[in-house]
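To start, the structure under review is shown below, and the notes come after it.
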Amino acid sequence: MTPVGTSLADTVEQELRLPDIDPDYCAYAAFDRASCRACVDACPPNAWVLSDESLGLDTEACNGCGLCVQACPTGALHIEFPWVIRHFSGKALALFACEHTGIPAGNDLIPCIHALGIRQLVVMHTAGVTNLLIAQGDCDNCPVACDSSQRLTRLIEELNQILVQRHQAPIKILAYSNTVWQKIYRQEEIISQGTLLKRRAFMGGAASTGNTQQQMVVLDPLNRNECRTVPPGALLPDPASEANCLWPWAPQLDPDNCIGCDACIKLCPTDALQSHDTEEGSSYLVQAKYCTGCNICADVCMEDAIRPLAWSPITHHSVSLIEKQCTNCGNPYHVPDGSSLADANKCPVCNRPAHQSLSA
């Protein structure tokens, strides 16, 4: 029911701003011991309601800022963002403006500049866009209440380290006033080598080079279904070398503390952790490109032997396993080479103090 004093148009617009929720990808819904509360922590109006049994959204409290979408590690949340590109001199320029800048509606505004997340930025970069033209309001006094006016800048700085390491062009942020941004949006001004040129001056100079065609393209790669839940690392180009290679998320496996229970392997939703069997033997494989940072592996590990770290290299890409047979229960088991249990003769279950006391 539409609240008294609220128009139907306002109600429809508010509902369109609500994030779409895909429970199949939500870490909290997938695993009852998941510690993920990224959407809850990122939400300025505290619209996300978390309990031991459920995760819900207070639709009346939600302001549609999209910060939860950027924060969700698994891509379970989504809001449609307009994506506007201008092409000039073979370069693609992406334009984003916050709706709190004072720029009139109808200019493809987004709720908050800082709602752009790593997936959107990587997809943008893959589409050939390395220049991000933004107009933003006063973040420190914004009604959305974003906790930092530098959030997007810091995110791009971290991402650029990964891109440069892979010999890719970094992403540049170009911030403009509302007036200039609107002129660029309407193509009344053109950017050339970082300099704003009046339309007349640009056309005069372009005539001598034959480059008189301007083009505006509205694409939708940010909103493609197949890109919403793909691990950020899988959207990046593969590195030339794995040595010291940075990743958005890198699972750190500690062979000394790992007991080889396989719990993280079985519960990893993206196969960033795998068990690999060959004629030479078995091993654990860590593939950071598939890690989302959902933290389920750490939540299930009772030995604190694994944890995903952001913007980091992998310490162990492969961990060899030693095959053994438990002298207590007789079942086969394996432990990492170098584990504290490598010299023991009991499987991880029988080796637990509680199990030993029950057996006694």
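So you can find residues: chains in the structure tokens are A, B, ... in the order shown, residues in each start at 1, and ligands are numbered from 1 in order.
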
Q: Write down as a PyMOL selection string the residues belonging to stretch 134-188 of chain A that are assigned strand (DSSP E) by DSSP computed on the backbone.
A: chain A and resi 134-135+172-175

Preceding selection exported with N, CA, C and O atoms as a compact mmCIF listing (two decimals), in the first residue's frame:
```
# COMPACT_ATOMS: atom_id res chain seq x y z
N ILE A 134 34.00 12.01 -13.28
CA ILE A 134 32.99 12.00 -12.23
C ILE A 134 32.64 13.42 -11.78
O ILE A 134 33.44 14.35 -11.92
N ALA A 135 31.44 13.54 -11.28
CA ALA A 135 31.01 14.73 -10.56
C ALA A 135 30.36 14.23 -9.28
O ALA A 135 29.48 13.37 -9.32
N LYS A 172 42.17 6.21 -14.60
CA LYS A 172 42.33 7.58 -14.12
C LYS A 172 40.98 8.16 -13.72
O LYS A 172 39.99 7.97 -14.42
N ILE A 173 40.97 8.86 -12.59
CA ILE A 173 39.77 9.57 -12.16
C ILE A 173 39.94 11.05 -12.49
O ILE A 173 40.92 11.67 -12.10
N LEU A 174 38.99 11.58 -13.22
CA LEU A 174 38.99 13.00 -13.56
C LEU A 174 37.73 13.61 -12.97
O LEU A 174 36.62 13.31 -13.40
N ALA A 175 37.90 14.44 -11.94
CA ALA A 175 36.76 15.05 -11.26
C ALA A 175 36.50 16.45 -11.83
O ALA A 175 37.43 17.25 -11.98
```

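You will find atom CA of A:Asp52 at 19.7 Å from atom CA of A:Cys301.
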
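Computed from the coordinates, the atom CA of A:Lys266 to atom CA of A:Asp238 distance equals 25.4 Å.
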
Show me a table, sorted first by chain and then by increasing residue number, of the residues of stretch 18-58 of chain A having an atom at most 10 Å from stretch 80-87 of chain A, each with its shortest atom pair and the distance in Å to one decimal, counting only C-alpha atoms and written as JSON lines.
```
{"residue": "A:Leu18", "atom": "CA", "partner": "A:Glu80", "partner_atom": "CA", "distance": 9.6}
{"residue": "A:Pro19", "atom": "CA", "partner": "A:Glu80", "partner_atom": "CA", "distance": 8.4}
{"residue": "A:Asp20", "atom": "CA", "partner": "A:Glu80", "partner_atom": "CA", "distance": 9.1}
```

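The coordinates place atom CA of A:Cys294 at 6.4 Å from atom CA of A:Ala27.
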
Per residue of stretch 20-139 of chain A within 12 Å of stretch 229-235 of chain A, what are the shortest atom pair and its distance in Å to one decimal, counting only C-alpha atoms, with rows by chain and residue number, as CSV?
```
residue,atom,partner,partner_atom,distance
A:Ile21,CA,A:Thr229,CA,11.6
A:Asp22,CA,A:Thr229,CA,9.7
A:Pro23,CA,A:Thr229,CA,11.7
A:Asp24,CA,A:Thr229,CA,10.3
A:Tyr25,CA,A:Thr229,CA,7.5
A:Cys26,CA,A:Thr229,CA,10.0
A:Ala27,CA,A:Thr229,CA,11.8
A:Val69,CA,A:Thr229,CA,11.1
A:Gln70,CA,A:Thr229,CA,11.7
A:Cys72,CA,A:Thr229,CA,9.8
A:Pro73,CA,A:Pro231,CA,8.3
A:Thr74,CA,A:Thr229,CA,5.8
A:Gly75,CA,A:Thr229,CA,4.4
A:Ala76,CA,A:Thr229,CA,6.7
A:Leu77,CA,A:Thr229,CA,8.9
A:His78,CA,A:Thr229,CA,9.6
A:Gly117,CA,A:Pro232,CA,9.8
A:Ile118,CA,A:Pro232,CA,6.8
A:Arg119,CA,A:Pro232,CA,5.6
A:Gln120,CA,A:Pro232,CA,9.3
A:Leu121,CA,A:Pro232,CA,9.6
A:Val122,CA,A:Leu235,CA,6.6
A:Val123,CA,A:Leu235,CA,7.1
A:Met124,CA,A:Leu235,CA,10.5
A:His125,CA,A:Leu235,CA,9.9
A:Thr126,CA,A:Leu235,CA,8.1
A:Ala127,CA,A:Leu235,CA,11.2
```

Those same residues - N, CA, C and O atoms - I'd like them written as an mmCIF file, in the first residue's frame.
```
data_model
loop_
_atom_site.group_PDB
_atom_site.id
_atom_site.type_symbol
_atom_site.label_atom_id
_atom_site.label_comp_id
_atom_site.auth_asym_id
_atom_site.auth_seq_id
_atom_site.Cartn_x
_atom_site.Cartn_y
_atom_site.Cartn_z
ATOM 1 N N ILE A 21 18.141 -9.025 -4.786
ATOM 2 C CA ILE A 21 18.833 -9.968 -3.912
ATOM 3 C C ILE A 21 18.757 -11.365 -4.512
ATOM 4 O O ILE A 21 17.675 -11.859 -4.813
ATOM 5 N N ASP A 22 19.917 -11.981 -4.701
ATOM 6 C CA ASP A 22 19.979 -13.349 -5.196
ATOM 7 C C ASP A 22 20.474 -14.243 -4.060
ATOM 8 O O ASP A 22 21.679 -14.321 -3.808
ATOM 9 N N PRO A 23 19.562 -14.916 -3.356
ATOM 10 C CA PRO A 23 19.974 -15.715 -2.192
ATOM 11 C C PRO A 23 20.902 -16.867 -2.545
ATOM 12 O O PRO A 23 21.622 -17.369 -1.681
ATOM 13 N N ASP A 24 20.902 -17.285 -3.816
ATOM 14 C CA ASP A 24 21.778 -18.389 -4.211
ATOM 15 C C ASP A 24 23.251 -18.015 -4.091
ATOM 16 O O ASP A 24 24.116 -18.896 -4.008
ATOM 17 N N TYR A 25 23.544 -16.712 -4.104
ATOM 18 C CA TYR A 25 24.936 -16.271 -4.031
ATOM 19 C C TYR A 25 25.280 -15.613 -2.696
ATOM 20 O O TYR A 25 26.423 -15.232 -2.479
ATOM 21 N N CYS A 26 24.316 -15.470 -1.825
ATOM 22 C CA CYS A 26 24.557 -14.823 -0.534
ATOM 23 C C CYS A 26 25.306 -15.779 0.395
ATOM 24 O O CYS A 26 24.854 -16.895 0.652
ATOM 25 N N ALA A 27 26.459 -15.341 0.894
ATOM 26 C CA ALA A 27 27.257 -16.191 1.782
ATOM 27 C C ALA A 27 26.509 -16.489 3.071
ATOM 28 O O ALA A 27 26.584 -17.603 3.603
ATOM 29 N N VAL A 69 25.756 -2.944 -2.438
ATOM 30 C CA VAL A 69 26.080 -3.685 -3.660
ATOM 31 C C VAL A 69 27.588 -3.729 -3.850
ATOM 32 O O VAL A 69 28.170 -4.765 -4.172
ATOM 33 N N GLN A 70 28.225 -2.595 -3.643
ATOM 34 C CA GLN A 70 29.680 -2.518 -3.780
ATOM 35 C C GLN A 70 30.377 -3.371 -2.731
ATOM 36 O O GLN A 70 31.426 -3.959 -2.977
ATOM 37 N N CYS A 72 29.156 -6.155 -1.151
ATOM 38 C CA CYS A 72 28.852 -7.590 -1.157
ATOM 39 C C CYS A 72 29.945 -8.369 -1.885
ATOM 40 O O CYS A 72 30.172 -8.165 -3.079
ATOM 41 N N PRO A 73 30.643 -9.272 -1.205
ATOM 42 C CA PRO A 73 31.766 -9.966 -1.845
ATOM 43 C C PRO A 73 31.350 -10.947 -2.930
ATOM 44 O O PRO A 73 32.099 -11.182 -3.875
ATOM 45 N N THR A 74 30.170 -11.513 -2.804
ATOM 46 C CA THR A 74 29.763 -12.566 -3.736
ATOM 47 C C THR A 74 28.910 -12.061 -4.890
ATOM 48 O O THR A 74 28.556 -12.836 -5.778
ATOM 49 N N GLY A 75 28.551 -10.775 -4.884
ATOM 50 C CA GLY A 75 27.723 -10.239 -5.956
ATOM 51 C C GLY A 75 26.267 -10.628 -5.845
ATOM 52 O O GLY A 75 25.551 -10.664 -6.850
ATOM 53 N N ALA A 76 25.816 -10.914 -4.626
ATOM 54 C CA ALA A 76 24.427 -11.335 -4.433
ATOM 55 C C ALA A 76 23.450 -10.168 -4.530
ATOM 56 O O ALA A 76 22.242 -10.382 -4.627
ATOM 57 N N LEU A 77 23.958 -8.936 -4.498
ATOM 58 C CA LEU A 77 23.110 -7.747 -4.559
ATOM 59 C C LEU A 77 23.379 -6.992 -5.856
ATOM 60 O O LEU A 77 24.506 -6.979 -6.357
ATOM 61 N N HIS A 78 22.341 -6.336 -6.363
ATOM 62 C CA HIS A 78 22.518 -5.619 -7.623
ATOM 63 C C HIS A 78 21.521 -4.475 -7.736
ATOM 64 O O HIS A 78 20.357 -4.600 -7.356
ATOM 65 N N GLY A 117 31.770 -0.550 -7.595
ATOM 66 C CA GLY A 117 32.620 -1.545 -6.962
ATOM 67 C C GLY A 117 33.666 -2.092 -7.904
ATOM 68 O O GLY A 117 33.767 -1.693 -9.070
ATOM 69 N N ILE A 118 34.438 -3.034 -7.404
ATOM 70 C CA ILE A 118 35.553 -3.554 -8.185
ATOM 71 C C ILE A 118 35.074 -4.279 -9.436
ATOM 72 O O ILE A 118 35.701 -4.193 -10.497
ATOM 73 N N ARG A 119 33.953 -5.003 -9.359
ATOM 74 C CA ARG A 119 33.471 -5.690 -10.556
ATOM 75 C C ARG A 119 33.134 -4.691 -11.654
ATOM 76 O O ARG A 119 33.492 -4.886 -12.817
ATOM 77 N N GLN A 120 32.425 -3.611 -11.289
ATOM 78 C CA GLN A 120 32.071 -2.610 -12.289
ATOM 79 C C GLN A 120 33.318 -1.972 -12.899
ATOM 80 O O GLN A 120 33.391 -1.750 -14.107
ATOM 81 N N LEU A 121 34.303 -1.690 -12.062
ATOM 82 C CA LEU A 121 35.517 -1.048 -12.557
ATOM 83 C C LEU A 121 36.302 -1.970 -13.485
ATOM 84 O O LEU A 121 36.835 -1.531 -14.511
ATOM 85 N N VAL A 122 36.380 -3.255 -13.129
ATOM 86 C CA VAL A 122 37.119 -4.195 -13.976
ATOM 87 C C VAL A 122 36.391 -4.408 -15.297
ATOM 88 O O VAL A 122 37.018 -4.455 -16.365
ATOM 89 N N VAL A 123 35.063 -4.524 -15.253
ATOM 90 C CA VAL A 123 34.296 -4.671 -16.490
ATOM 91 C C VAL A 123 34.468 -3.431 -17.360
ATOM 92 O O VAL A 123 34.622 -3.519 -18.584
ATOM 93 N N MET A 124 34.447 -2.263 -16.732
ATOM 94 C CA MET A 124 34.659 -1.015 -17.452
ATOM 95 C C MET A 124 36.029 -1.018 -18.131
ATOM 96 O O MET A 124 36.165 -0.674 -19.310
ATOM 97 N N HIS A 125 37.046 -1.445 -17.388
ATOM 98 C CA HIS A 125 38.403 -1.481 -17.934
ATOM 99 C C HIS A 125 38.500 -2.491 -19.076
ATOM 100 O O HIS A 125 39.139 -2.229 -20.102
ATOM 101 N N THR A 126 37.860 -3.643 -18.914
ATOM 102 C CA THR A 126 37.871 -4.662 -19.961
ATOM 103 C C THR A 126 37.198 -4.154 -21.230
ATOM 104 O O THR A 126 37.576 -4.536 -22.346
ATOM 105 N N ALA A 127 36.201 -3.271 -21.066
ATOM 106 C CA ALA A 127 35.515 -2.688 -22.219
ATOM 107 C C ALA A 127 36.346 -1.597 -22.889
ATOM 108 O O ALA A 127 35.906 -1.003 -23.876
#
```

**Q.** Spatial neighbours of A:Gly338, 10 Å, only C-alpha atoms, chain gap at least 5 places, as a list in words
**A.** Asp254, Pro255, Asp256, Asn257, Cys258, Val319, Ser320, Leu321, Ile322 and Asp343 of chain A

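In this comparison, which uses only C-alpha atoms, the residue of A:Met302, A:Ala310, A:Cys347, A:Leu267 approaching A:Cys326 most closely is A:Cys347.
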
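Counting only C-alpha atoms and comparing A:Phe31, A:Trp247, A:Cys350, A:Asn331, the residue that lies closest to A:Cys264 is A:Phe31.
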
Q. Near A:Tyr28, counting only C-alpha atoms, which residues have an atom at most 10 Å away, once you skip same-chain residues fewer than 5 positions from it, shown as a ChimeraX atom specification?
A. /A:23,33-38,50,52-55,294,296

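Running DSSP on the backbone and keeping only helix (DSSP H, G or I), the residues of stretch 11-79 of chain A that qualify are Thr11, Val12, Glu13, Gln14, Glu15, Leu16, Arg17, Ala27, Tyr28, Ala29, Ala30, Ala38, Cys39, Val40, Asp41, Ala42, Leu67, Cys68, Val69, Gln70 and Ala71 of chain A.
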